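Please read the structure below before turning to the comments.
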2 protein chains.
Amino acid sequence: METGIANLLGALSLAVMDRIEQGAREVIGRGGETPAALVVIGYGQGMTNDKLRRILGLSHSGTVRLVDRLVSDRLVERRPGKDGREIALYLTATGAAARNDLMASRLSAVASLLDVLSPAETKRLGTLLHELLARQDTSELDRFTICRRCDDRVCTNCPLPTNKGKRDR
Amino acid sequence: METGIANLLGALSLAVMDRIEQGAREVIGRGGETPAALVVIGYGQGMTNDKLRRILGLSHSGTVRLVDRLVSDRLVERRPGKDGREIALYLTATGAAARNDLMASRLSAVASLLDVLSPAETKRLGTLLHELLARQDTSELDRFTICRRCDDRVCTNCPLPTNKGKRDR
DNA sequence: CCAAATATGTGCGTAGCGCACATATTTGGT
DNA sequence: ACCAAATATGTGCGCTACGCACATATTTGG
């Protein structure tokens with residue numbers, strides 16, 4: 001039955017996220033969207049508060065307070081942005097190191113569930129996951145949201161498309 | 001690369017859980033472990049506070065307050081347990097209906113990501129997911145934790161083993 | 001040039017959770 | 001039969017993470 005497979009994917013996803021979040025809390029002592037924020041800020045230099053808000057799916061004030069926490073933890077710095085209204089978020093050296101630890105912890109958590117499969121099975125699963133993600137109808141923002149905890153050191157050529165809403169114009 | 005596949009599974013799991021949690025919040029207006037508690041209480045009649053605590057991975061007081069919320073929402077009732085110390089948690093009629101809505105919303109959320117695959121691909125993915133889960137080294141408690149949001153209407157023969165720590169004795 | 005749009009920050013409140021402590025019941029050893 | 005330890009629940013208090021409403025500063029566009 002198809003719903004049975006959906007149920008299995010739901011169960012596995014829960015197990016995966018449980019382990020990722022537990023690891024993240026051990027690494028930076030924060031939960032919620034805070035670890036994701038650290039990863040996202042590390043993607044591009046000059047992330048703004050507002051872009052971060054949209055990617056994380058938080059309210060504006062929630063994002064401001066999240067950045068407050070990262071700043072008070074000495075992981076992120078607020079600098080003046082190009083536009084006089086914007087701020088530019090930058091990782092400190094400590095923040096960059098924490099971000100690496102965070103992503104390593106995440107990969108290790110997923111691998112601990114994944115390593116029961118043989119290399120051939122893992123490869124088959126990888127192919128299916130790649131196709132599944134590649135066929136999603138995602139905007140550029142959706143892509144950042146889904147990838148908000150992804151490890152850019154290992155995720156070369158992300159399968160997610162970024163052209164939703166860009167056709168027919 | 002193997003870590004690339006772990007990264008993809010991490011990304012998909014995040015997307016799956018985002019959608020499940022959003023749906024759960026729309027259905028019962030609660031987040032965190034509250035939806036899982038409703039599902040778990042519905043599994044067996046007479047769930048105790050302490051068993052629930054272990055399955056959800058919460059503190060004792062957190063569980064008491066969680067049940068307080070479910071009771072004040074008229075979804076759950078506290079009844080005297082077999083043991084004079086225990087309480088027995090039961091779903092109200094409203095609670096049982098909310099639980100069904102919750103599980104349907106979850107399956108629909110997963111299916112919305114899954115339905116880009118062909119039937120053959122879905123079946124292959126199902127086989128791999130089944131194997132992946134079946135080979136985990138899980139205790140009976142681990143199994144309940146991983147399955148704490150599973151739909152018992154569609155998950156006949158759960159692949160997860162329940163014999164960790166029961167060998168060598 | 002000024003209203004609307006954009007971007008950030010703040011006061012205040014809530015949900016969800018943990019720690020430490022209190023209370024009630026049961027179990028087990030003597 | 002007794003009493004200490006174990007088991008199970010409830011409570012006071014505080015914290016983290018978040019949203020809503022409002023305030024402020026800068027830029028854009030007609």
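The chains in the structure tokens are called A, B, ... from first to last as shown; in each chain the residues are counted from 1, and the ligands are counted from 1 in the order shown.
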### Message
Need to verify the contact set: DC2 of chain C, 12 Å, only C-alpha atoms (C1' of nucleotides), exclusion of same-chain residues closer than 6 positions in sequence. Can you return it as a PyMOL selection string?
### Response
chain D and resi 28-30
### Query
Skipping near chain neighbours, those fewer than 6 positions away, what residues fall within 10 Å of Met103 of chain A using only C-alpha atoms (C1' of nucleotides), listed as a ChimeraX atom specification?
/A:20,23-24,27,35-36,39,109,149-154 /B:7
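Those residues of chain A that fall within 7 Å of chain D when using only C-alpha atoms (C1' of nucleotides) read Gly32, Ser59, Gly62, Gly84 and Arg85 of chain A.
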Do me a favour and pick out the residues of chain B within 10 Å of chain C, using only C-alpha atoms (C1' of nucleotides), as an mmCIF file with all heavy atoms, in the first residue's frame.
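New file selection20.cif:
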```
data_model
loop_
_atom_site.group_PDB
_atom_site.id
_atom_site.type_symbol
_atom_site.label_atom_id
_atom_site.label_comp_id
_atom_site.auth_asym_id
_atom_site.auth_seq_id
_atom_site.Cartn_x
_atom_site.Cartn_y
_atom_site.Cartn_z
ATOM 1 N N ARG B 30 -1.511 22.798 18.478
ATOM 2 C CA ARG B 30 -0.435 22.576 19.438
ATOM 3 C C ARG B 30 0.794 22.061 18.724
ATOM 4 O O ARG B 30 0.696 21.411 17.690
ATOM 5 C CB ARG B 30 -0.851 21.535 20.493
ATOM 6 C CG ARG B 30 -2.062 21.891 21.306
ATOM 7 C CD ARG B 30 -1.722 22.874 22.390
ATOM 8 N NE ARG B 30 -2.862 23.127 23.258
ATOM 9 C CZ ARG B 30 -2.819 23.979 24.269
ATOM 10 N NH1 ARG B 30 -1.734 24.654 24.536
ATOM 11 N NH2 ARG B 30 -3.882 24.174 25.024
ATOM 12 N N GLY B 31 1.945 22.317 19.308
ATOM 13 C CA GLY B 31 3.196 21.851 18.706
ATOM 14 C C GLY B 31 3.981 20.997 19.670
ATOM 15 O O GLY B 31 3.424 20.423 20.596
ATOM 16 N N GLY B 32 5.280 20.912 19.462
ATOM 17 C CA GLY B 32 6.147 20.108 20.314
ATOM 18 C C GLY B 32 5.731 18.646 20.291
ATOM 19 O O GLY B 32 5.379 18.105 19.242
ATOM 20 N N GLU B 33 5.739 18.025 21.445
ATOM 21 C CA GLU B 33 5.403 16.600 21.528
ATOM 22 C C GLU B 33 3.914 16.357 21.749
ATOM 23 O O GLU B 33 3.495 15.197 21.902
ATOM 24 C CB GLU B 33 6.212 15.940 22.640
ATOM 25 C CG GLU B 33 7.713 15.871 22.359
ATOM 26 C CD GLU B 33 8.027 15.047 21.116
ATOM 27 O OE1 GLU B 33 7.315 14.061 20.847
ATOM 28 O OE2 GLU B 33 8.988 15.400 20.407
ATOM 29 N N THR B 34 3.115 17.435 21.757
ATOM 30 C CA THR B 34 1.690 17.264 22.030
ATOM 31 C C THR B 34 0.990 16.373 21.009
ATOM 32 O O THR B 34 0.267 15.449 21.395
ATOM 33 C CB THR B 34 1.005 18.635 22.141
ATOM 34 O OG1 THR B 34 1.730 19.446 23.079
ATOM 35 C CG2 THR B 34 -0.418 18.483 22.623
ATOM 36 N N LEU B 58 10.511 13.186 27.238
ATOM 37 C CA LEU B 58 10.365 14.446 27.975
ATOM 38 C C LEU B 58 10.697 14.234 29.448
ATOM 39 O O LEU B 58 10.811 13.106 29.912
ATOM 40 C CB LEU B 58 8.923 14.958 27.873
ATOM 41 C CG LEU B 58 8.425 15.377 26.501
ATOM 42 C CD1 LEU B 58 6.989 15.849 26.584
ATOM 43 C CD2 LEU B 58 9.306 16.455 25.899
ATOM 44 N N SER B 59 10.815 15.332 30.168
ATOM 45 C CA SER B 59 10.953 15.262 31.621
ATOM 46 C C SER B 59 9.605 14.883 32.216
ATOM 47 O O SER B 59 8.567 14.929 31.551
ATOM 48 C CB SER B 59 11.373 16.620 32.172
ATOM 49 O OG SER B 59 10.309 17.534 32.067
ATOM 50 N N HIS B 60 9.651 14.522 33.490
ATOM 51 C CA HIS B 60 8.411 14.152 34.150
ATOM 52 C C HIS B 60 7.441 15.327 34.197
ATOM 53 O O HIS B 60 6.268 15.208 33.814
ATOM 54 C CB HIS B 60 8.718 13.663 35.561
ATOM 55 C CG HIS B 60 7.553 13.697 36.471
ATOM 56 N ND1 HIS B 60 6.417 12.962 36.223
ATOM 57 C CD2 HIS B 60 7.318 14.407 37.588
ATOM 58 C CE1 HIS B 60 5.545 13.214 37.170
ATOM 59 N NE2 HIS B 60 6.054 14.082 37.999
ATOM 60 N N SER B 61 7.931 16.481 34.645
ATOM 61 C CA SER B 61 7.025 17.619 34.788
ATOM 62 C C SER B 61 6.519 18.087 33.421
ATOM 63 O O SER B 61 5.351 18.484 33.293
ATOM 64 C CB SER B 61 7.719 18.768 35.511
ATOM 65 O OG SER B 61 8.803 19.251 34.750
ATOM 66 N N GLY B 62 7.400 18.031 32.431
ATOM 67 C CA GLY B 62 6.949 18.407 31.084
ATOM 68 C C GLY B 62 5.793 17.549 30.617
ATOM 69 O O GLY B 62 4.855 18.036 29.973
ATOM 70 N N THR B 63 5.843 16.258 30.981
ATOM 71 C CA THR B 63 4.776 15.349 30.578
ATOM 72 C C THR B 63 3.479 15.650 31.314
ATOM 73 O O THR B 63 2.395 15.618 30.728
ATOM 74 C CB THR B 63 5.200 13.900 30.841
ATOM 75 O OG1 THR B 63 6.472 13.678 30.230
ATOM 76 C CG2 THR B 63 4.199 12.925 30.250
ATOM 77 N N ARG B 65 2.502 18.515 32.418
ATOM 78 C CA ARG B 65 1.923 19.734 31.845
ATOM 79 C C ARG B 65 1.361 19.492 30.458
ATOM 80 O O ARG B 65 0.352 20.072 30.063
ATOM 81 C CB ARG B 65 2.985 20.842 31.804
ATOM 82 C CG ARG B 65 3.569 21.178 33.141
ATOM 83 C CD ARG B 65 2.612 22.012 33.986
ATOM 84 N NE ARG B 65 2.814 21.837 35.419
ATOM 85 C CZ ARG B 65 3.839 22.298 36.123
ATOM 86 N NH1 ARG B 65 4.794 22.969 35.529
ATOM 87 N NH2 ARG B 65 3.918 22.090 37.421
ATOM 88 N N LEU B 66 2.033 18.611 29.711
ATOM 89 C CA LEU B 66 1.518 18.238 28.389
ATOM 90 C C LEU B 66 0.132 17.611 28.525
ATOM 91 O O LEU B 66 -0.803 17.965 27.803
ATOM 92 C CB LEU B 66 2.496 17.270 27.723
ATOM 93 C CG LEU B 66 2.340 16.989 26.229
ATOM 94 C CD1 LEU B 66 3.574 16.300 25.697
ATOM 95 C CD2 LEU B 66 1.133 16.137 25.913
ATOM 96 N N ASP B 83 -2.884 0.529 39.462
ATOM 97 C CA ASP B 83 -2.100 0.826 40.650
ATOM 98 C C ASP B 83 -2.593 2.160 41.221
ATOM 99 O O ASP B 83 -2.892 3.074 40.481
ATOM 100 C CB ASP B 83 -0.640 0.946 40.219
ATOM 101 C CG ASP B 83 0.294 0.911 41.394
ATOM 102 O OD1 ASP B 83 0.102 1.714 42.318
ATOM 103 O OD2 ASP B 83 1.221 0.096 41.373
ATOM 104 N N GLY B 84 -2.663 2.246 42.512
ATOM 105 C CA GLY B 84 -3.138 3.472 43.141
ATOM 106 C C GLY B 84 -2.283 4.687 42.845
ATOM 107 O O GLY B 84 -2.713 5.820 43.022
ATOM 108 N N ARG B 85 -1.040 4.452 42.401
ATOM 109 C CA ARG B 85 -0.164 5.575 42.073
ATOM 110 C C ARG B 85 -0.385 6.060 40.656
ATOM 111 O O ARG B 85 -0.249 7.244 40.352
ATOM 112 C CB ARG B 85 1.303 5.139 42.195
ATOM 113 C CG ARG B 85 1.718 4.778 43.581
ATOM 114 C CD ARG B 85 3.055 4.067 43.572
ATOM 115 N NE ARG B 85 2.975 2.754 42.939
ATOM 116 C CZ ARG B 85 3.958 1.859 42.955
ATOM 117 N NH1 ARG B 85 5.114 2.158 43.532
ATOM 118 N NH2 ARG B 85 3.818 0.680 42.385
ATOM 119 N N GLU B 86 -0.668 5.103 39.790
ATOM 120 C CA GLU B 86 -0.763 5.440 38.360
ATOM 121 C C GLU B 86 -2.046 6.172 38.020
ATOM 122 O O GLU B 86 -3.039 6.085 38.737
ATOM 123 C CB GLU B 86 -0.714 4.154 37.526
ATOM 124 C CG GLU B 86 0.599 3.415 37.600
ATOM 125 C CD GLU B 86 0.565 2.149 36.752
ATOM 126 O OE1 GLU B 86 -0.528 1.766 36.285
ATOM 127 O OE2 GLU B 86 1.634 1.551 36.568
#
```
Give me the chain B side of the contact with chain A, cut-off 9 Å, one line per residue showing its nearest atom pair and distance in Å at one decimal, counting only C-alpha atoms, sorted by chain and residue number, as a tab-separated table.
```
residue	atom	partner	partner_atom	distance
B:Met1	CA	A:Val154	CA	8.2
B:Glu2	CA	A:Thr122	CA	7.7
B:Thr3	CA	A:Val154	CA	6.6
B:Gly4	CA	A:Val154	CA	5.5
B:Ile5	CA	A:Gly126	CA	5.2
B:Ala6	CA	A:Val110	CA	5.7
B:Asn7	CA	A:Leu107	CA	6.3
B:Leu8	CA	A:Leu129	CA	6.6
B:Leu9	CA	A:Leu129	CA	7.0
B:Gly10	CA	A:Val110	CA	6.5
B:Ala11	CA	A:Cys147	CA	5.9
B:Leu12	CA	A:Leu133	CA	7.4
B:Ser13	CA	A:Ser13	CA	4.2
B:Leu14	CA	A:Met17	CA	6.7
B:Ala15	CA	A:Ile146	CA	5.6
B:Val16	CA	A:Ser13	CA	6.5
B:Met17	CA	A:Ser13	CA	6.6
B:Asp18	CA	A:Ile146	CA	8.9
B:Ile20	CA	A:Gly10	CA	8.3
B:Arg106	CA	A:Gly10	CA	7.7
B:Leu107	CA	A:Ala6	CA	6.1
B:Ser108	CA	A:Ala6	CA	8.3
B:Ala109	CA	A:Ala6	CA	8.9
B:Val110	CA	A:Ala6	CA	5.7
B:Ala111	CA	A:Ala6	CA	5.9
B:Leu113	CA	A:Gln136	CA	7.1
B:Leu114	CA	A:Leu132	CA	6.9
B:Asp115	CA	A:Leu132	CA	8.6
B:Val116	CA	A:Arg135	CA	6.2
B:Leu117	CA	A:Leu132	CA	6.3
B:Pro119	CA	A:Glu2	CA	8.5
B:Glu121	CA	A:Leu128	CA	7.2
B:Thr122	CA	A:Glu2	CA	7.7
B:Lys123	CA	A:Ile5	CA	7.9
B:Arg124	CA	A:Leu128	CA	8.3
B:Leu125	CA	A:Leu128	CA	6.7
B:Gly126	CA	A:Ile5	CA	5.2
B:Thr127	CA	A:Ile5	CA	8.6
B:Leu128	CA	A:Leu125	CA	6.7
B:Leu129	CA	A:Leu8	CA	6.6
B:His130	CA	A:Leu8	CA	7.2
B:Glu131	CA	A:Leu117	CA	7.7
B:Leu132	CA	A:Leu117	CA	6.3
B:Leu133	CA	A:Leu12	CA	7.4
B:Arg135	CA	A:Val116	CA	6.2
B:Gln136	CA	A:Val116	CA	7.0
B:Thr145	CA	A:Ala15	CA	8.3
B:Ile146	CA	A:Ala15	CA	5.6
B:Cys147	CA	A:Ala11	CA	6.0
B:Arg148	CA	A:Ala11	CA	8.2
B:Arg149	CA	A:Ala11	CA	7.3
B:Cys150	CA	A:Asn7	CA	6.4
B:Asp151	CA	A:Asn7	CA	6.8
B:Val154	CA	A:Gly4	CA	5.5
B:Cys155	CA	A:Gly4	CA	5.7
B:Thr156	CA	A:Gly4	CA	8.1
B:Cys158	CA	A:Leu8	CA	8.7
B:Pro159	CA	A:Leu8	CA	8.9
```
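Atom CA of Arg78 of chain B to atom CA of Tyr90 of chain B spans 6.6 Å [interatomic distance, one decimal].
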### Message
DSSP on the backbone: which residues in segment 3-149 of chain B end up as strand (DSSP E)? Give the answer as a VMD selection string.
### Response
chain B and resid 76 to 80 87 to 91
### Residues flagged alpha helix (DSSP H) by DSSP in segment 65-130 of chain B, as number ranges by chain
B: 65-72, 93-114, 119-130
How about saving the chosen residues, N, CA and C atoms kept, as a CSV table (one decimal), in the first residue's frame?
```csv
chain,number,residue,atom,x,y,z
B,65,ARG,N,2.5,18.5,32.4
B,65,ARG,CA,1.9,19.7,31.8
B,65,ARG,C,1.4,19.5,30.5
B,66,LEU,N,2.0,18.6,29.7
B,66,LEU,CA,1.5,18.2,28.4
B,66,LEU,C,0.1,17.6,28.5
B,67,VAL,N,0.0,16.7,29.5
B,67,VAL,CA,-1.3,16.0,29.7
B,67,VAL,C,-2.3,17.1,30.2
B,68,ASP,N,-1.9,18.0,31.0
B,68,ASP,CA,-2.7,19.1,31.4
B,68,ASP,C,-3.3,19.8,30.2
B,69,ARG,N,-2.5,20.1,29.2
B,69,ARG,CA,-3.0,20.8,28.0
B,69,ARG,C,-4.0,19.9,27.3
B,70,LEU,N,-3.7,18.6,27.2
B,70,LEU,CA,-4.6,17.8,26.4
B,70,LEU,C,-5.9,17.7,27.2
B,71,VAL,N,-5.9,17.7,28.5
B,71,VAL,CA,-7.1,17.6,29.3
B,71,VAL,C,-7.9,18.9,29.2
B,72,SER,N,-7.2,20.0,29.2
B,72,SER,CA,-7.9,21.3,29.2
B,72,SER,C,-8.5,21.5,27.7
B,93,ALA,N,-14.0,11.3,23.0
B,93,ALA,CA,-14.5,11.1,21.6
B,93,ALA,C,-13.8,12.2,20.7
B,94,THR,N,-13.8,13.4,21.2
B,94,THR,CA,-13.1,14.5,20.5
B,94,THR,C,-11.7,14.2,20.3
B,95,GLY,N,-11.0,13.7,21.3
B,95,GLY,CA,-9.6,13.3,21.2
B,95,GLY,C,-9.3,12.3,20.1
B,96,ALA,N,-10.2,11.3,20.1
B,96,ALA,CA,-10.0,10.2,19.1
B,96,ALA,C,-10.2,10.7,17.7
B,97,ALA,N,-11.2,11.7,17.5
B,97,ALA,CA,-11.4,12.3,16.2
B,97,ALA,C,-10.2,13.1,15.8
B,98,ALA,N,-9.7,13.9,16.8
B,98,ALA,CA,-8.5,14.7,16.5
B,98,ALA,C,-7.3,13.9,16.1
B,99,ARG,N,-7.2,12.8,16.8
B,99,ARG,CA,-6.0,11.9,16.5
B,99,ARG,C,-6.1,11.3,15.1
B,100,ASN,N,-7.3,11.0,14.7
B,100,ASN,CA,-7.5,10.5,13.3
B,100,ASN,C,-7.1,11.6,12.3
B,101,ASP,N,-7.6,12.8,12.6
B,101,ASP,CA,-7.3,13.9,11.7
B,101,ASP,C,-5.8,14.2,11.6
B,102,LEU,N,-5.2,14.0,12.8
B,102,LEU,CA,-3.7,14.3,12.9
B,102,LEU,C,-3.0,13.3,12.0
B,103,MET,N,-3.3,12.0,12.1
B,103,MET,CA,-2.6,11.0,11.4
B,103,MET,C,-2.9,11.1,9.9
B,104,ALA,N,-4.1,11.5,9.5
B,104,ALA,CA,-4.4,11.7,8.1
B,104,ALA,C,-3.6,12.8,7.6
B,105,SER,N,-3.6,13.9,8.3
B,105,SER,CA,-2.8,15.1,7.9
B,105,SER,C,-1.3,14.7,7.7
B,106,ARG,N,-0.8,13.9,8.6
B,106,ARG,CA,0.6,13.5,8.5
B,106,ARG,C,0.8,12.7,7.2
B,107,LEU,N,0.0,11.7,6.9
B,107,LEU,CA,0.1,10.9,5.7
B,107,LEU,C,0.0,11.7,4.5
B,108,SER,N,-0.9,12.7,4.5
B,108,SER,CA,-1.1,13.5,3.4
B,108,SER,C,0.1,14.4,3.1
B,109,ALA,N,0.7,14.9,4.2
B,109,ALA,CA,1.9,15.7,4.1
B,109,ALA,C,3.1,14.9,3.5
B,110,VAL,N,3.3,13.7,4.0
B,110,VAL,CA,4.4,12.9,3.4
B,110,VAL,C,4.1,12.5,1.9
B,111,ALA,N,2.8,12.2,1.7
B,111,ALA,CA,2.4,11.8,0.3
B,111,ALA,C,2.7,12.9,-0.7
B,112,SER,N,2.5,14.2,-0.2
B,112,SER,CA,2.6,15.3,-1.1
B,112,SER,C,4.1,15.4,-1.6
B,113,LEU,N,5.0,15.0,-0.8
B,113,LEU,CA,6.4,14.9,-1.3
B,113,LEU,C,6.7,13.7,-2.1
B,114,LEU,N,6.0,12.6,-1.7
B,114,LEU,CA,6.3,11.3,-2.2
B,114,LEU,C,5.7,11.1,-3.6
B,119,PRO,N,5.0,4.6,-9.5
B,119,PRO,CA,4.7,3.5,-8.6
B,119,PRO,C,5.8,2.6,-8.4
B,120,ALA,N,6.6,2.3,-9.5
B,120,ALA,CA,7.7,1.4,-9.4
B,120,ALA,C,8.8,2.0,-8.5
B,121,GLU,N,9.1,3.3,-8.6
B,121,GLU,CA,10.1,3.9,-7.8
B,121,GLU,C,9.6,3.9,-6.3
B,122,THR,N,8.3,4.2,-6.1
B,122,THR,CA,7.8,4.2,-4.8
B,122,THR,C,8.0,2.9,-4.1
B,123,LYS,N,7.7,1.8,-4.9
B,123,LYS,CA,7.8,0.5,-4.3
B,123,LYS,C,9.3,0.2,-3.9
B,124,ARG,N,10.2,0.6,-4.8
B,124,ARG,CA,11.6,0.4,-4.5
B,124,ARG,C,12.0,1.1,-3.3
B,125,LEU,N,11.5,2.4,-3.2
B,125,LEU,CA,11.8,3.2,-2.0
B,125,LEU,C,11.3,2.5,-0.7
B,126,GLY,N,10.0,2.0,-0.9
B,126,GLY,CA,9.4,1.3,0.3
B,126,GLY,C,10.2,0.1,0.7
B,127,THR,N,10.7,-0.6,-0.2
B,127,THR,CA,11.5,-1.8,0.2
B,127,THR,C,12.8,-1.4,0.9
B,128,LEU,N,13.4,-0.3,0.4
B,128,LEU,CA,14.7,0.1,1.1
B,128,LEU,C,14.4,0.7,2.5
B,129,LEU,N,13.3,1.5,2.6
B,129,LEU,CA,12.9,2.0,3.9
B,129,LEU,C,12.6,0.9,4.9
B,130,HIS,N,11.9,-0.1,4.4
B,130,HIS,CA,11.6,-1.2,5.2
B,130,HIS,C,12.8,-1.9,5.8
```
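With atom CA of Thr162 of chain A on one side and atom CA of Met47 of chain A on the other, the separation reads 18.9 Å.
For Ile55 of chain A, the set of protein, DNA and RNA residues having any atom at most 7 Å away, when counting only C-alpha atoms (C1' of nucleotides) and skipping those fewer than 3 positions along the same chain, is Lys51, Leu52, Leu141, Phe144 and Thr145 of chain A.
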